[in-house]
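As structure tokens, the structure follows; a few thoughts come after it.
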Amino acid sequence: MTSFHPQTNISVVTKLMELEIFHCNLTVWPDPCPLCDEAKEVLEPYKHRYIFQQIDITLPENKVWYDKYKYDIPVFHLNGQFLMKHRVNTFLLEKQLAKAEDG
């Protein structure tokens, strides 16, 4: 993403990272997923720093992810790499976002 700053005539290129959250379709399980809901709330202040993609592991095309993560949702990947699971660790998220932005 490129943004233009008219005061300085400088264009700034901002790296957009992709944060994926693997979760279940709440209509499949009778109970809501409170960890998924909590994670989405905690991630809200960071949403300007990455592209957020939700992956429903209960869909047939995501069987590989279902087999891998069915007992660990939500699971988070940053730029295709495992980052954390169950709860958002804001310290780890901040550290990895900064590292990705610098690198």
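Residues are named by chain letter and number: chains run A, B, ... in the order of the structure tokens, numbers start at 1 in each chain, and ligands are numbered from 1 in the order shown.
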(message) Please list as an MDAnalysis selection string every residue within 8 Å of Gln53 of chain A, counting only C-alpha atoms and excluding residues in the same chain fewer than 4 positions away.
(response) chainID A and resid 18:21
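Distances to Arg87 of chain A were evaluated for A:Asp72, A:Lys63, A:Pro45, A:Lys99 using only C-alpha atoms, and the minimum falls at A:Asp72.
Within the 12 Å cut-off around Val88 of chain A, using only C-alpha atoms and omitting residues fewer than 3 positions from it on the same chain, the listed residues are Leu19, Ile21, Leu35, Cys36, Asp37, Glu38, Ala39, Lys40, Glu41, Val42, Leu43, Glu44, Tyr46, Ile73, Pro74, Val75, Phe76, His77, Leu83, Met84, Lys85, Phe91, Leu92, Leu93 and Glu94 of chain A.
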(request) Find the residues around Trp65 of chain A up to 10 Å (only C-alpha atoms counted), leave out those fewer than 4 positions away in its own chain, and share them as a list of chain:residue names. (result) A:Phe22, A:His23, A:Ile55, A:Asp56, A:Ile57, A:Thr58, A:Leu59, A:Pro60, A:Glu61, A:Tyr69, A:Lys70, A:Val75
Restricted to N, CA, C and O atoms, what would the selected residues look like written as a JSON list (two decimals), in the first residue's frame?
[["chain", "number", "residue", "atom", "x", "y", "z"],
["A", 22, "PHE", "N", -7.60, -19.16, 12.13],
["A", 22, "PHE", "CA", -8.29, -20.41, 11.82],
["A", 22, "PHE", "C", -9.32, -20.63, 12.93],
["A", 22, "PHE", "O", -8.98, -20.63, 14.11],
["A", 23, "HIS", "N", -10.56, -20.79, 12.54],
["A", 23, "HIS", "CA", -11.63, -20.91, 13.52],
["A", 23, "HIS", "C", -12.67, -21.89, 13.00],
["A", 23, "HIS", "O", -12.57, -22.39, 11.90],
["A", 55, "ILE", "N", -10.31, -18.12, 8.32],
["A", 55, "ILE", "CA", -10.39, -19.39, 7.62],
["A", 55, "ILE", "C", -11.25, -20.33, 8.45],
["A", 55, "ILE", "O", -10.89, -20.68, 9.58],
["A", 56, "ASP", "N", -12.39, -20.70, 7.89],
["A", 56, "ASP", "CA", -13.31, -21.61, 8.57],
["A", 56, "ASP", "C", -12.83, -23.04, 8.33],
["A", 56, "ASP", "O", -12.93, -23.55, 7.22],
["A", 57, "ILE", "N", -12.30, -23.66, 9.36],
["A", 57, "ILE", "CA", -11.73, -25.00, 9.20],
["A", 57, "ILE", "C", -12.78, -26.08, 9.00],
["A", 57, "ILE", "O", -12.44, -27.21, 8.66],
["A", 58, "THR", "N", -14.06, -25.75, 9.17],
["A", 58, "THR", "CA", -15.11, -26.76, 8.99],
["A", 58, "THR", "C", -15.54, -26.90, 7.53],
["A", 58, "THR", "O", -16.28, -27.83, 7.20],
["A", 59, "LEU", "N", -15.08, -26.01, 6.66],
["A", 59, "LEU", "CA", -15.42, -26.13, 5.24],
["A", 59, "LEU", "C", -14.63, -27.27, 4.62],
["A", 59, "LEU", "O", -13.46, -27.49, 4.97],
["A", 60, "PRO", "N", -15.24, -28.02, 3.70],
["A", 60, "PRO", "CA", -14.55, -29.18, 3.11],
["A", 60, "PRO", "C", -13.19, -28.84, 2.49],
["A", 60, "PRO", "O", -12.26, -29.63, 2.60],
["A", 61, "GLU", "N", -13.06, -27.67, 1.88],
["A", 61, "GLU", "CA", -11.78, -27.32, 1.25],
["A", 61, "GLU", "C", -10.68, -27.01, 2.26],
["A", 61, "GLU", "O", -9.52, -26.88, 1.90],
["A", 69, "TYR", "N", -5.86, -28.42, 13.30],
["A", 69, "TYR", "CA", -6.19, -27.45, 14.35],
["A", 69, "TYR", "C", -7.53, -27.66, 15.06],
["A", 69, "TYR", "O", -7.93, -26.83, 15.86],
["A", 70, "LYS", "N", -8.23, -28.76, 14.81],
["A", 70, "LYS", "CA", -9.58, -28.92, 15.35],
["A", 70, "LYS", "C", -9.65, -28.80, 16.87],
["A", 70, "LYS", "O", -10.69, -28.41, 17.40],
["A", 75, "VAL", "N", -6.38, -20.37, 15.96],
["A", 75, "VAL", "CA", -4.95, -20.44, 15.68],
["A", 75, "VAL", "C", -4.62, -19.27, 14.77],
["A", 75, "VAL", "O", -5.41, -18.92, 13.90]]
